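Visitor: For reference, the file my_file-v9.cif (mmCIF, C-alpha atoms) is included below:
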```cif
data_query
loop_
_atom_site.label_atom_id
_atom_site.label_comp_id
_atom_site.auth_asym_id
_atom_site.auth_seq_id
_atom_site.Cartn_x
_atom_site.Cartn_y
_atom_site.Cartn_z
CA MET A 49 -5.34 19.94 13.78
CA THR A 50 -7.26 17.93 11.19
CA ASP A 51 -9.37 14.90 12.15
CA ASN A 52 -11.01 12.82 9.43
CA THR A 53 -11.91 10.18 12.08
CA SER A 54 -9.60 7.50 10.67
CA VAL A 55 -6.42 9.57 10.70
CA VAL A 56 -5.52 12.59 12.84
CA LEU A 57 -3.07 15.11 11.37
CA GLU A 58 -1.43 17.46 13.82
CA LYS A 59 1.45 19.91 13.65
CA ARG A 60 3.49 19.96 16.86
CA GLY A 61 6.19 22.57 16.53
CA GLN A 62 8.45 21.45 13.69
CA ALA A 63 7.09 17.90 13.72
CA PHE A 64 4.03 16.76 11.77
CA TRP A 65 2.22 13.89 13.49
CA ILE A 66 0.15 11.39 11.52
CA THR A 67 -1.89 9.19 13.87
CA ILE A 68 -3.97 6.25 12.67
CA ASN A 69 -7.11 6.68 14.76
CA ARG A 70 -8.88 3.32 14.79
CA PRO A 71 -7.80 1.87 18.14
CA GLU A 72 -10.96 -0.23 18.39
CA LYS A 73 -9.86 -1.95 15.14
CA ARG A 74 -6.21 -2.16 16.19
CA ASN A 75 -5.56 0.72 13.77
CA ALA A 76 -6.18 -1.56 10.81
CA LEU A 77 -5.77 -0.25 7.29
CA ASN A 78 -8.71 0.67 5.09
CA GLY A 79 -9.18 3.17 2.27
CA ASP A 80 -9.69 6.11 4.61
CA VAL A 81 -6.56 5.32 6.60
CA ILE A 82 -4.38 5.02 3.51
CA ALA A 83 -5.79 8.27 2.09
CA GLY A 84 -5.30 10.02 5.43
CA ILE A 85 -1.66 9.00 5.76
CA ALA A 86 -1.00 10.08 2.16
CA ARG A 87 -2.62 13.44 2.84
CA GLY A 88 -0.46 13.82 5.92
CA TYR A 89 2.72 13.23 3.93
CA ARG A 90 1.63 15.79 1.34
CA ASP A 91 0.61 18.38 3.94
CA ALA A 92 3.92 17.95 5.74
CA HIS A 93 5.84 18.55 2.53
CA ASP A 94 3.77 21.60 1.66
CA ASP A 95 4.60 23.26 4.99
CA PRO A 96 8.13 24.73 5.03
CA GLU A 97 8.08 24.86 8.84
CA VAL A 98 7.76 21.09 9.12
CA ARG A 99 11.09 19.33 9.50
CA VAL A 100 10.08 15.79 10.43
CA ILE A 101 7.08 13.45 10.15
CA VAL A 102 6.01 11.13 12.97
CA LEU A 103 3.77 8.18 12.06
CA THR A 104 1.98 6.36 14.88
CA GLY A 105 -1.21 4.65 15.96
CA ALA A 106 -3.74 5.77 18.56
CA GLY A 107 -3.80 3.95 21.88
CA ASP A 108 -1.28 1.52 23.32
CA LYS A 109 -2.57 -1.72 21.78
CA ALA A 110 -1.52 -1.36 18.15
CA PHE A 111 0.61 0.68 15.77
CA CYS A 112 -1.15 -0.99 12.84
CA ALA A 113 -2.42 -4.55 12.60
CA GLY A 114 -2.50 -4.60 8.80
CA ALA A 115 -5.52 -4.68 6.51
CA ASP A 116 -8.97 -4.57 8.08
CA LEU A 117 -10.14 -8.17 7.64
CA GLN A 118 -13.53 -7.62 9.26
CA ASN A 119 -14.74 -6.94 5.74
CA SER A 120 -12.41 -9.21 3.81
CA GLY A 121 -14.20 -8.58 0.55
CA ALA A 122 -13.37 -4.89 0.77
CA ALA A 123 -9.82 -5.52 2.00
CA PHE A 124 -8.92 -7.48 -1.12
CA ALA A 125 -11.29 -5.97 -3.66
CA PHE A 126 -9.32 -4.58 -6.58
CA ASP A 127 -10.18 -2.67 -9.69
CA PHE A 128 -8.22 -4.81 -12.13
CA SER A 129 -8.34 -2.08 -14.75
CA ARG A 130 -5.95 -0.07 -12.53
CA PRO A 131 -2.27 -1.05 -12.70
CA ASN A 132 -1.64 0.34 -9.21
CA VAL A 133 -3.30 0.13 -5.80
CA ASP A 134 -3.60 2.81 -3.11
CA TYR A 135 -1.39 1.08 -0.52
CA ALA A 136 1.40 0.68 -3.08
CA ASP A 137 1.00 4.34 -4.05
CA LEU A 138 1.41 5.30 -0.39
CA LEU A 139 4.67 3.36 -0.20
CA ARG A 140 5.83 5.11 -3.38
CA LEU A 141 4.91 8.49 -1.91
CA ALA A 142 6.88 7.78 1.27
CA GLN A 143 9.90 6.52 -0.66
CA ASN A 144 10.03 9.78 -2.59
CA SER A 145 9.68 11.90 0.54
CA THR A 146 12.43 14.44 1.15
CA LYS A 147 11.51 15.03 4.79
CA PRO A 148 12.59 12.44 7.36
CA ALA A 149 9.93 10.26 8.97
CA ILE A 150 9.95 8.41 12.28
CA ALA A 151 7.67 5.51 13.20
CA ARG A 152 6.47 5.59 16.80
CA VAL A 153 5.47 1.99 17.49
CA GLY A 154 3.53 1.70 20.73
CA GLY A 155 1.62 -1.49 20.00
CA VAL A 156 1.37 -4.51 17.75
CA CYS A 157 2.75 -4.08 14.22
CA MET A 158 1.62 -6.69 11.74
CA ALA A 159 1.27 -7.32 8.00
CA GLY A 160 0.66 -4.00 6.20
CA GLY A 161 1.76 -2.27 9.39
CA ILE A 162 5.24 -3.64 8.74
CA GLY A 163 5.10 -1.84 5.39
CA LEU A 164 4.27 1.43 7.15
CA LEU A 165 7.17 0.81 9.51
CA CYS A 166 9.54 0.16 6.62
CA MET A 167 8.49 3.27 4.70
CA THR A 168 9.81 5.53 7.49
CA ASP A 169 13.47 6.44 7.90
CA MET A 170 13.75 5.63 11.62
CA ALA A 171 11.68 3.72 14.13
CA VAL A 172 11.30 3.53 17.89
CA ALA A 173 9.21 0.81 19.56
CA ALA A 174 8.05 -0.03 23.06
CA ASP A 175 9.70 -3.16 24.38
CA HIS A 176 6.45 -5.14 24.67
CA VAL A 177 5.50 -4.77 20.98
CA MET A 178 5.09 -7.86 18.82
CA PHE A 179 5.69 -7.86 15.06
CA GLY A 180 4.77 -10.25 12.29
CA LEU A 181 3.78 -11.08 8.74
CA PRO A 182 0.79 -13.40 9.31
CA GLU A 183 -0.65 -13.15 5.80
CA VAL A 184 -0.03 -16.81 4.96
CA LYS A 185 -2.42 -17.72 7.78
CA VAL A 186 -5.31 -16.24 5.79
CA GLY A 187 -4.18 -17.38 2.36
CA VAL A 188 -2.40 -14.27 1.10
CA PHE A 189 1.18 -12.98 1.18
CA PRO A 190 2.92 -9.69 2.17
CA MET A 191 3.60 -8.86 -1.46
CA GLN A 192 3.96 -5.08 -1.37
CA VAL A 193 5.64 -5.11 2.04
CA MET A 194 8.44 -7.21 0.51
CA SER A 195 9.40 -4.35 -1.78
CA LEU A 196 10.74 -2.43 1.22
CA LEU A 197 11.37 -5.13 3.81
CA GLN A 198 13.91 -7.07 1.75
CA GLY A 199 16.09 -3.97 1.55
CA ILE A 200 16.14 -3.59 5.34
CA ALA A 201 16.18 -7.01 7.04
CA PRO A 202 18.39 -10.05 6.33
CA ARG A 203 16.92 -12.29 3.64
CA ARG A 204 16.91 -15.43 5.79
CA LEU A 205 14.86 -13.72 8.49
CA VAL A 206 12.46 -12.23 5.95
CA ASN A 207 11.99 -15.73 4.52
CA GLU A 208 11.14 -17.12 7.94
CA TRP A 209 8.75 -14.30 8.85
CA ALA A 210 6.87 -14.40 5.55
CA LEU A 211 6.75 -18.17 5.06
CA THR A 212 5.81 -19.15 8.62
CA GLY A 213 3.68 -16.14 9.52
CA GLU A 214 4.86 -16.43 13.12
CA PRO A 215 5.32 -13.32 15.31
CA PHE A 216 8.59 -11.96 16.72
CA ASP A 217 9.39 -9.49 19.46
CA ALA A 218 10.83 -5.98 19.49
CA LEU A 219 14.38 -7.03 20.31
CA LYS A 220 14.42 -9.40 17.33
CA ALA A 221 13.00 -6.62 15.16
CA GLN A 222 15.76 -4.30 16.30
CA ALA A 223 18.48 -6.90 15.72
CA ALA A 224 17.14 -7.37 12.19
CA GLY A 225 17.39 -3.65 11.45
CA LEU A 226 13.70 -2.74 11.59
CA LEU A 227 14.07 -0.52 14.66
CA ASN A 228 16.58 2.10 15.81
CA TYR A 229 15.58 1.95 19.47
CA VAL A 230 13.55 -0.25 21.81
CA VAL A 231 12.48 1.42 25.06
CA PRO A 232 10.00 0.84 27.89
CA ALA A 233 6.53 2.06 26.96
CA THR A 234 6.75 4.85 29.54
CA GLU A 235 9.84 6.23 27.77
CA LEU A 236 8.54 6.00 24.20
CA ASP A 237 7.41 9.61 23.80
CA ALA A 238 10.56 10.97 25.42
CA LYS A 239 12.70 8.98 22.98
CA ILE A 240 10.65 10.26 20.03
CA ASP A 241 11.08 13.85 21.25
CA TRP A 242 14.81 13.26 21.67
CA LEU A 243 15.12 11.92 18.13
CA ILE A 244 13.07 14.81 16.71
CA GLY A 245 15.40 17.21 18.50
CA ARG A 246 18.43 15.62 16.88
CA ILE A 247 16.92 16.26 13.43
CA VAL A 248 15.38 19.72 13.61
CA ASP A 249 18.61 21.47 14.63
CA LYS A 250 20.37 20.25 11.48
CA SER A 251 20.34 21.72 7.96
CA PRO A 252 16.94 21.19 6.30
CA THR A 253 18.52 21.64 2.88
CA ALA A 254 21.21 19.03 3.53
CA ILE A 255 18.60 16.57 4.79
CA ARG A 256 16.24 17.23 1.89
CA ARG A 257 18.91 16.88 -0.77
CA GLY A 258 20.52 14.00 1.08
CA LYS A 259 17.32 11.97 1.19
CA TYR A 260 16.78 12.65 -2.49
CA ALA A 261 20.30 11.42 -3.26
CA MET A 262 19.98 8.28 -1.13
CA ARG A 263 16.81 7.37 -2.97
CA ALA A 264 18.45 8.03 -6.35
CA ILE A 265 21.53 5.88 -5.75
CA ALA A 266 19.69 2.92 -4.17
CA ALA A 267 19.59 0.97 -7.42
CA MET A 268 22.82 2.31 -8.93
CA SER A 269 26.11 0.50 -9.31
CA PHE A 270 29.09 1.89 -7.42
CA ASP A 271 30.44 3.64 -10.51
CA GLU A 272 27.06 5.24 -11.20
CA SER A 273 26.46 6.28 -7.61
CA ILE A 274 29.93 7.74 -7.03
CA ALA A 275 29.65 9.84 -10.18
CA TYR A 276 26.19 11.04 -9.16
CA THR A 277 27.15 11.86 -5.58
CA GLU A 278 30.33 13.73 -6.48
CA SER A 279 28.20 16.10 -8.54
CA GLN A 280 25.63 16.36 -5.74
CA ILE A 281 28.17 17.41 -3.10
CA ALA A 282 29.35 20.16 -5.43
CA LEU A 283 25.78 21.43 -5.81
CA LEU A 284 25.11 21.16 -2.08
CA ALA A 285 28.16 23.29 -1.31
CA MET A 286 26.53 26.15 -3.22
CA THR A 287 23.39 26.24 -1.05
CA GLU A 288 22.73 28.92 1.54
CA ASP A 289 22.60 26.30 4.29
CA ALA A 290 26.09 25.07 3.43
CA LYS A 291 27.43 28.62 3.46
CA GLU A 292 25.78 29.30 6.82
CA GLY A 293 26.96 26.01 8.29
CA LEU A 294 30.59 26.63 7.37
CA LYS A 295 30.42 30.22 8.57
CA ALA A 296 28.88 29.20 11.90
CA PHE A 297 31.55 26.52 12.35
CA ALA A 298 34.31 29.06 11.77
CA GLU A 299 32.65 31.53 14.16
CA LYS A 300 32.06 28.81 16.80
CA ARG A 301 28.33 29.41 17.03
CA LYS A 302 25.13 27.53 16.28
CA PRO A 303 23.97 27.92 12.68
CA SER A 304 20.75 29.71 11.82
CA TRP A 305 19.53 27.65 8.88
CA PRO A 306 17.85 29.57 6.04
CA GLY A 307 16.62 26.29 4.59
CA LYS A 308 17.79 27.22 1.10
#
```
Here is the file; what I need is its structure written in the form of structure tokens.

Guide:
Amino acid sequence: MTDNTSVVLEKRGQAFWITINRPEKRNALNGDVIAGIARGYRDAHDDPEVRVIVLTGAGDKAFCAGADLQNSGAAFAFDFSRPNVDYADLLRLAQNSTKPAIARVGGVCMAGGIGLLCMTDMAVAADHVMFGLPEVKVGVFPMQVMSLLQGIAPRRLVNEWALTGEPFDALKAQAAGLLNYVVPATELDAKIDWLIGRIVDKSPTAIRRGKYAMRAIAAMSFDESIAYTESQIALLAMTEDAKEGLKAFAEKRKPSWPGK
């Protein structure tokens, strides 16, 4: 286990847990939090035993309430000589991840927290959780969050959330495509464990190459993507995992994935 105060990194079996550890600040984002999450993603990818990443927030009050506005000067202080910012780099890092990530949302998820939610592949939330993009209430806008959110939720709903800044509940978030499951708070961890279990018994190579392909074809036309994917399935068939999977199917047994 690694604890840099703001973010706790912990390997639990084949899952790598990244926990924002600022419950007294509603797990708000600052430089240390962003750096800690990024380190967690990198550590998870460097460990071949890790099959899935879980991103969550400490306590039951908040997943992430967005940028830490207690020191607003620091929250929106930019080095204008840099063409990129750390939060945007974290979203880029997550988009290029080849290991699946699950958001465990046990408390309020607002502003930049929505971006963290969107950068994962799957999400489970407690049924009491409230969501929102309140940036317009303090004179800013969820700029970077839009880069991911508009590819997940219907445009009309995104317009309403961003332009009014008003909150919405977990069931509305699920209906909009932000969440896979909404469960009572007492069942949240069990649902996360169940979802992890449905990932780690599958081919790590197929998942890794599949995520890479999904990312690659996201901006392609149909003709481009179909040409790319027909070559990718041919390559995937040559992997050791594919050979083992087909052999196990024929022998009516569970596969033992080599991960190659």

Visitor: Just say which residues the PyMOL selection byres ((chain A and resi 66-80) around 9) picks in this file, as a PDB file with C-alpha atoms, keeping the file's coordinate frame.

Guide:
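Writing the result to result.pdb gives the following:
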```pdb
ATOM      1  CA  ASP A  51      -9.370  14.900  12.150  1.00  0.00           C
ATOM      2  CA  ASN A  52     -11.010  12.820   9.430  1.00  0.00           C
ATOM      3  CA  THR A  53     -11.910  10.180  12.080  1.00  0.00           C
ATOM      4  CA  SER A  54      -9.600   7.500  10.670  1.00  0.00           C
ATOM      5  CA  VAL A  55      -6.420   9.570  10.700  1.00  0.00           C
ATOM      6  CA  VAL A  56      -5.520  12.590  12.840  1.00  0.00           C
ATOM      7  CA  LEU A  57      -3.070  15.110  11.370  1.00  0.00           C
ATOM      8  CA  GLU A  58      -1.430  17.460  13.820  1.00  0.00           C
ATOM      9  CA  LYS A  59       1.450  19.910  13.650  1.00  0.00           C
ATOM     10  CA  PHE A  64       4.030  16.760  11.770  1.00  0.00           C
ATOM     11  CA  TRP A  65       2.220  13.890  13.490  1.00  0.00           C
ATOM     12  CA  VAL A  81      -6.560   5.320   6.600  1.00  0.00           C
ATOM     13  CA  ILE A  82      -4.380   5.020   3.510  1.00  0.00           C
ATOM     14  CA  ALA A  83      -5.790   8.270   2.090  1.00  0.00           C
ATOM     15  CA  GLY A  84      -5.300  10.020   5.430  1.00  0.00           C
ATOM     16  CA  ILE A  85      -1.660   9.000   5.760  1.00  0.00           C
ATOM     17  CA  GLY A  88      -0.460  13.820   5.920  1.00  0.00           C
ATOM     18  CA  TYR A  89       2.720  13.230   3.930  1.00  0.00           C
ATOM     19  CA  ILE A 101       7.080  13.450  10.150  1.00  0.00           C
ATOM     20  CA  VAL A 102       6.010  11.130  12.970  1.00  0.00           C
ATOM     21  CA  LEU A 103       3.770   8.180  12.060  1.00  0.00           C
ATOM     22  CA  THR A 104       1.980   6.360  14.880  1.00  0.00           C
ATOM     23  CA  GLY A 105      -1.210   4.650  15.960  1.00  0.00           C
ATOM     24  CA  ALA A 106      -3.740   5.770  18.560  1.00  0.00           C
ATOM     25  CA  GLY A 107      -3.800   3.950  21.880  1.00  0.00           C
ATOM     26  CA  ASP A 108      -1.280   1.520  23.320  1.00  0.00           C
ATOM     27  CA  LYS A 109      -2.570  -1.720  21.780  1.00  0.00           C
ATOM     28  CA  ALA A 110      -1.520  -1.360  18.150  1.00  0.00           C
ATOM     29  CA  PHE A 111       0.610   0.680  15.770  1.00  0.00           C
ATOM     30  CA  CYS A 112      -1.150  -0.990  12.840  1.00  0.00           C
ATOM     31  CA  ALA A 113      -2.420  -4.550  12.600  1.00  0.00           C
ATOM     32  CA  GLY A 114      -2.500  -4.600   8.800  1.00  0.00           C
ATOM     33  CA  ALA A 115      -5.520  -4.680   6.510  1.00  0.00           C
ATOM     34  CA  ASP A 116      -8.970  -4.570   8.080  1.00  0.00           C
ATOM     35  CA  LEU A 117     -10.140  -8.170   7.640  1.00  0.00           C
ATOM     36  CA  GLN A 118     -13.530  -7.620   9.260  1.00  0.00           C
ATOM     37  CA  ALA A 122     -13.370  -4.890   0.770  1.00  0.00           C
ATOM     38  CA  ALA A 123      -9.820  -5.520   2.000  1.00  0.00           C
ATOM     39  CA  ASP A 134      -3.600   2.810  -3.110  1.00  0.00           C
ATOM     40  CA  TYR A 135      -1.390   1.080  -0.520  1.00  0.00           C
ATOM     41  CA  GLY A 155       1.620  -1.490  20.000  1.00  0.00           C
ATOM     42  CA  VAL A 156       1.370  -4.510  17.750  1.00  0.00           C
ATOM     43  CA  GLY A 160       0.660  -4.000   6.200  1.00  0.00           C
ATOM     44  CA  GLY A 161       1.760  -2.270   9.390  1.00  0.00           C
TER      45      GLY A 161
END
```

Visitor: Can you pull out every residue within 10 Å of Thr277 in chain A, counting all atoms listed in the file, but drop anything in the same chain fewer than 4 positions away, and send it as a PyMOL selection string?

Guide: chain A and resi 258+261-262+264-265+272-273+281-283

Visitor: Exactly which residues make up the result of the PyMOL selection byres ((chain A and resi 301-303) around 12) on this file, given as a PyMOL selection string?

Guide: chain A and resi 248-252+288-300+304-307

Visitor: Here's the selection I'm unsure about, the PyMOL selection byres ((chain A and resi 183-191) around 10); applied to the file above, which residues does it give, as a list in words?

Guide: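 On the file shown, the PyMOL selection byres ((chain A and resi 183-191) around 10) covers Gly114, Ala115, Leu117, Phe124, Ala136, Met158, Ala159, Gly160, Ile162, Gly163, Gly180, Leu181, Pro182, Gln192, Val193, Met194, Ser195, Leu196, Leu197, Trp209, Ala210, Leu211, Thr212, Gly213 and Glu214 of chain A.
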
Visitor: Go ahead and save the residues from that selection, with C-alpha atoms, as an mmCIF file, in the coordinates of the input.

Guide:
```
data_model
loop_
_atom_site.group_PDB
_atom_site.id
_atom_site.type_symbol
_atom_site.label_atom_id
_atom_site.label_comp_id
_atom_site.auth_asym_id
_atom_site.auth_seq_id
_atom_site.Cartn_x
_atom_site.Cartn_y
_atom_site.Cartn_z
ATOM 1 C CA GLY A 114 -2.500 -4.600 8.800
ATOM 2 C CA ALA A 115 -5.520 -4.680 6.510
ATOM 3 C CA LEU A 117 -10.140 -8.170 7.640
ATOM 4 C CA PHE A 124 -8.920 -7.480 -1.120
ATOM 5 C CA ALA A 136 1.400 0.680 -3.080
ATOM 6 C CA MET A 158 1.620 -6.690 11.740
ATOM 7 C CA ALA A 159 1.270 -7.320 8.000
ATOM 8 C CA GLY A 160 0.660 -4.000 6.200
ATOM 9 C CA ILE A 162 5.240 -3.640 8.740
ATOM 10 C CA GLY A 163 5.100 -1.840 5.390
ATOM 11 C CA GLY A 180 4.770 -10.250 12.290
ATOM 12 C CA LEU A 181 3.780 -11.080 8.740
ATOM 13 C CA PRO A 182 0.790 -13.400 9.310
ATOM 14 C CA GLN A 192 3.960 -5.080 -1.370
ATOM 15 C CA VAL A 193 5.640 -5.110 2.040
ATOM 16 C CA MET A 194 8.440 -7.210 0.510
ATOM 17 C CA SER A 195 9.400 -4.350 -1.780
ATOM 18 C CA LEU A 196 10.740 -2.430 1.220
ATOM 19 C CA LEU A 197 11.370 -5.130 3.810
ATOM 20 C CA TRP A 209 8.750 -14.300 8.850
ATOM 21 C CA ALA A 210 6.870 -14.400 5.550
ATOM 22 C CA LEU A 211 6.750 -18.170 5.060
ATOM 23 C CA THR A 212 5.810 -19.150 8.620
ATOM 24 C CA GLY A 213 3.680 -16.140 9.520
ATOM 25 C CA GLU A 214 4.860 -16.430 13.120
#
```

Visitor: Taking (10.3, 9.1, 11.2) in the file's own coordinates, collect the residues within 8 Å, counting all atoms listed in the file, and hand them back as a PyMOL selection string.

Guide: chain A and resi 100-103+148-152+168-171

Visitor: By how many Å are CA of Gly225 in chain A and CA of Ala63 in chain A apart?

Guide: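 Computed distance, CA of Gly225 in chain A to CA of Ala63 in chain A, equals 24.0 Å.
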
Visitor: Hey, can you check how far CA of Glu208 in chain A sits from CA of Ala266 in chain A?

Guide: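 Between CA of Glu208 in chain A and CA of Ala266 in chain A the gap works out to 24.9 Å.
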
Visitor: So that I can check the surroundings of range 230-234 of chain A, please list as a list in words every protein, DNA and RNA residue that reaches within 10 Å of it, counting all atoms listed in the file and ignoring chain neighbours fewer than 6 positions away.

Guide: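 My list of contacting residues is Asp108, Val153, Gly154, Gly155, Ala171, Val172, Ala173, Ala174, Asp175, His176, Val177, Ala218, Leu219, Ala221 and Gln222 of chain A.
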